[in-house]
Amino acid sequence: MRKQVIAGNWKMNGTIASGSILIEAFTSFLGDKDLDCEIVVCPPFTALERAVCLTKNTQVSVGAQNMDYHDAGAFTGEVSPLMLMEVGVSYVIIGHSERREYYGETDAMVNEKIKSAFFHNLQPIVCVGESLEQREANETISFIHGQLKRALQDIPADQVEKLIIAYEPIWAIGTGKTATADQAEKVCKSIREYIAELYTPNVADLVRIQYGGSVKANNAREILSEPNIDGALVGGASLIVDEFTKIIMAAQELSN
Ligand code: PGA
């Protein structure tokens, strides 16, 4: 059975101090509960080191929201996988739609970043998702398959099976408009089928697929119950202790 993974994407919010309070609240809520799901928080770069310290010996892992794919060099303003490793980060979000939309990140860059993440033993969470126009034009599935094909170019099966793919319809991010569980499942299922086609059914069976886009405490259970949805990438609600802990508990109850 695939392990559910709940990741909080804090985006460009908060301070080191406010992030520390959040993490302390999550870790003390989780205490020594025996969790069957994976929990990840992805604070801004400046708060990563503190987050790693605060989560040591807890069930919470730390991820970055982005990285460059080079190890070092003249790339002003970027952060390399080696720097993330040095801080003790273990996950990295790659190709979030906000990176693609505001910073021109392409599928080719996403592909390089996935390769670099695996090379450095960072767990990539790779985001894909369609715009409202694409959904209305019935292009959702073909667009997402195209994104995946380009993102996974030359990535071997033994790495792809370890991937976390986050299906995040752009029209549902931060809008309060969640895809219905049915809509989300349909796309996640098609992602799994496409991985089976590109690789093997066994690889497709192992890859974990999250849904993201306005996941909240009150819709998490329904979404996470879908057979092809193995977790959630949570933005806004991951900054609210009561919301995020309820989402975690929904995943945990479904994992039992
Ligand atoms: P949201 O963001 O939960 O605030 O919609 C999700 C994301 O962008 O990962």
# chains A, B, ... in the order shown; residues from 1 in each chain; ligands from 1

$ residues_around --residues "Pro124 in chain A" --least-positions-apart "4" --cutoff "9 Å" --atoms "only C-alpha atoms" --output "list of chain:residue names"
A:Ser90, A:Tyr91, A:Val92, A:Ile93, A:Ile94, A:Lys113, A:Ile114, A:Ala117, A:Phe118, A:Lys162, A:Leu163, A:Ile164, A:Ile165

$ residues_around --residues "range 134-148 of chain A" --least-positions-apart "6" --cutoff "9 Å" --atoms "only C-alpha atoms" --output "ChimeraX atom specification"
/A:107,128,167,169,187,190-191,194-195

$ closest_atom_pairs --of "chain A" --to "ligand 1" --cutoff "9 Å" --atoms "only C-alpha atoms and all ligand atoms" --output "Markdown table"
| residue | atom | partner | partner_atom_place_in_ligand_line | distance |
| --- | --- | --- | --- | --- |
| A:Ala7 | CA | ligand 1 | 9 (O) | 8.6 |
| A:Gly8 | CA | ligand 1 | 9 (O) | 7.6 |
| A:Asn9 | CA | ligand 1 | 9 (O) | 5.6 |
| A:Trp10 | CA | ligand 1 | 9 (O) | 8.3 |
| A:Lys11 | CA | ligand 1 | 8 (O) | 7.7 |
| A:His96 | CA | ligand 1 | 8 (O) | 7.1 |
| A:Ser97 | CA | ligand 1 | 8 (O) | 7.4 |
| A:Glu98 | CA | ligand 1 | 8 (O) | 7.5 |
| A:Cys127 | CA | ligand 1 | 9 (O) | 8.4 |
| A:Ala166 | CA | ligand 1 | 9 (O) | 8.3 |
| A:Glu168 | CA | ligand 1 | 9 (O) | 7.0 |
| A:Ile170 | CA | ligand 1 | 8 (O) | 8.2 |
| A:Trp171 | CA | ligand 1 | 5 (O) | 8.9 |
| A:Ala172 | CA | ligand 1 | 5 (O) | 5.9 |
| A:Ile173 | CA | ligand 1 | 5 (O) | 3.4 |
| A:Gly174 | CA | ligand 1 | 5 (O) | 3.6 |
| A:Thr175 | CA | ligand 1 | 5 (O) | 6.3 |
| A:Gly176 | CA | ligand 1 | 5 (O) | 6.7 |
| A:Lys177 | CA | ligand 1 | 5 (O) | 8.1 |
| A:Thr178 | CA | ligand 1 | 5 (O) | 7.8 |
| A:Tyr211 | CA | ligand 1 | 9 (O) | 8.9 |
| A:Gly212 | CA | ligand 1 | 6 (C) | 5.1 |
| A:Gly213 | CA | ligand 1 | 5 (O) | 3.7 |
| A:Ser214 | CA | ligand 1 | 5 (O) | 3.5 |
| A:Val215 | CA | ligand 1 | 3 (O) | 5.1 |
| A:Lys216 | CA | ligand 1 | 3 (O) | 7.3 |
| A:Ala232 | CA | ligand 1 | 9 (O) | 8.6 |
| A:Leu233 | CA | ligand 1 | 9 (O) | 5.1 |
| A:Val234 | CA | ligand 1 | 3 (O) | 4.2 |
| A:Gly235 | CA | ligand 1 | 3 (O) | 3.4 |
| A:Gly236 | CA | ligand 1 | 4 (O) | 3.8 |
| A:Ala237 | CA | ligand 1 | 3 (O) | 6.1 |
| A:Ser238 | CA | ligand 1 | 3 (O) | 7.5 |

$ closest_residue --among "A:Gly73, A:Gly63, A:Pro227, A:Gly88" --to "Ile6 in chain A" --atoms "only C-alpha atoms"
A:Gly63

$ closest_residue --among "A:Ile155, A:Leu254, A:Met67, A:Ile223" --to "Met83 in chain A" --atoms "only C-alpha atoms"
A:Met67

$ atom_distance --atom1 "CA of Val52 in chain A" --atom2 "CA of Tyr102 in chain A"
27.8 Å

$ select_by_dssp --residues "range 63-248 of chain A" --states "strand (DSSP E or B)" --output "JSON, numbers by chain"
{"A": [63, 64, 91, 92, 93, 94, 123, 124, 125, 126, 127, 128, 164, 165, 166, 167, 208, 209, 210, 211, 212, 231, 232, 233, 234]}

$ select_by_dssp --residues "range 48-244 of chain A" --states "alpha helix (DSSP H)" --output "ChimeraX atom specification"
/A:48-55,81-87,97-103,107-119,132-136,140-151,157-160,181-198,201-206,217-224,241-244

$ closest_residue --among "A:Arg221, A:Cys53, A:Glu243, A:Val60" --to "Ser28 in chain A" --atoms "only C-alpha atoms"
A:Val60

$ atom_distance --atom1 "CA of Arg208 in chain A" --atom2 "CA of Asn13 in chain A"
26.8 Å

$ closest_residue --among "A:Gln123, A:Ser116, A:Gln183, A:Asn202" --to "Val89 in chain A" --atoms "only C-alpha atoms"
A:Gln123

$ residues_around --residues "Lys3 in chain A" --least-positions-apart "2" --cutoff "8 Å" --atoms "only C-alpha atoms" --output "mmCIF file with N, CA, C and O atoms, in the first residue's frame"
data_model
loop_
_atom_site.group_PDB
_atom_site.id
_atom_site.type_symbol
_atom_site.label_atom_id
_atom_site.label_comp_id
_atom_site.auth_asym_id
_atom_site.auth_seq_id
_atom_site.Cartn_x
_atom_site.Cartn_y
_atom_site.Cartn_z
ATOM 1 N N MET A 1 0.840 -1.209 0.000
ATOM 2 C CA MET A 1 0.000 0.000 0.000
ATOM 3 C C MET A 1 0.875 1.259 0.000
ATOM 4 O O MET A 1 1.874 1.309 0.697
ATOM 5 N N VAL A 5 1.115 11.018 1.840
ATOM 6 C CA VAL A 5 2.057 12.072 2.205
ATOM 7 C C VAL A 5 1.338 13.428 2.183
ATOM 8 O O VAL A 5 0.741 13.811 1.183
ATOM 9 N N ASP A 36 1.054 6.630 10.303
ATOM 10 C CA ASP A 36 1.331 5.778 9.140
ATOM 11 C C ASP A 36 1.486 6.619 7.893
ATOM 12 O O ASP A 36 1.641 6.103 6.799
ATOM 13 N N CYS A 37 1.360 7.936 8.035
ATOM 14 C CA CYS A 37 1.515 8.789 6.857
ATOM 15 C C CYS A 37 2.733 9.699 7.046
ATOM 16 O O CYS A 37 3.227 9.854 8.161
ATOM 17 N N GLU A 38 3.199 10.250 5.924
ATOM 18 C CA GLU A 38 4.370 11.127 5.973
ATOM 19 C C GLU A 38 3.916 12.579 6.055
ATOM 20 O O GLU A 38 2.984 12.977 5.350
ATOM 21 N N ARG A 208 3.616 7.943 -5.967
ATOM 22 C CA ARG A 208 2.558 8.537 -5.148
ATOM 23 C C ARG A 208 2.056 9.817 -5.801
ATOM 24 O O ARG A 208 2.837 10.635 -6.283
ATOM 25 N N ASP A 230 -2.869 9.846 -3.088
ATOM 26 C CA ASP A 230 -2.035 9.342 -1.987
ATOM 27 C C ASP A 230 -1.551 10.449 -1.062
ATOM 28 O O ASP A 230 -0.501 10.323 -0.439
ATOM 29 N N SER A 255 -5.239 5.705 6.596
ATOM 30 C CA SER A 255 -4.080 4.807 6.437
ATOM 31 C C SER A 255 -4.196 3.582 7.333
ATOM 32 O O SER A 255 -3.466 2.611 7.153
#

$ atom_distance --atom1 "CA of Arg99 in chain A" --atom2 "CA of Ala157 in chain A"
26.0 Å
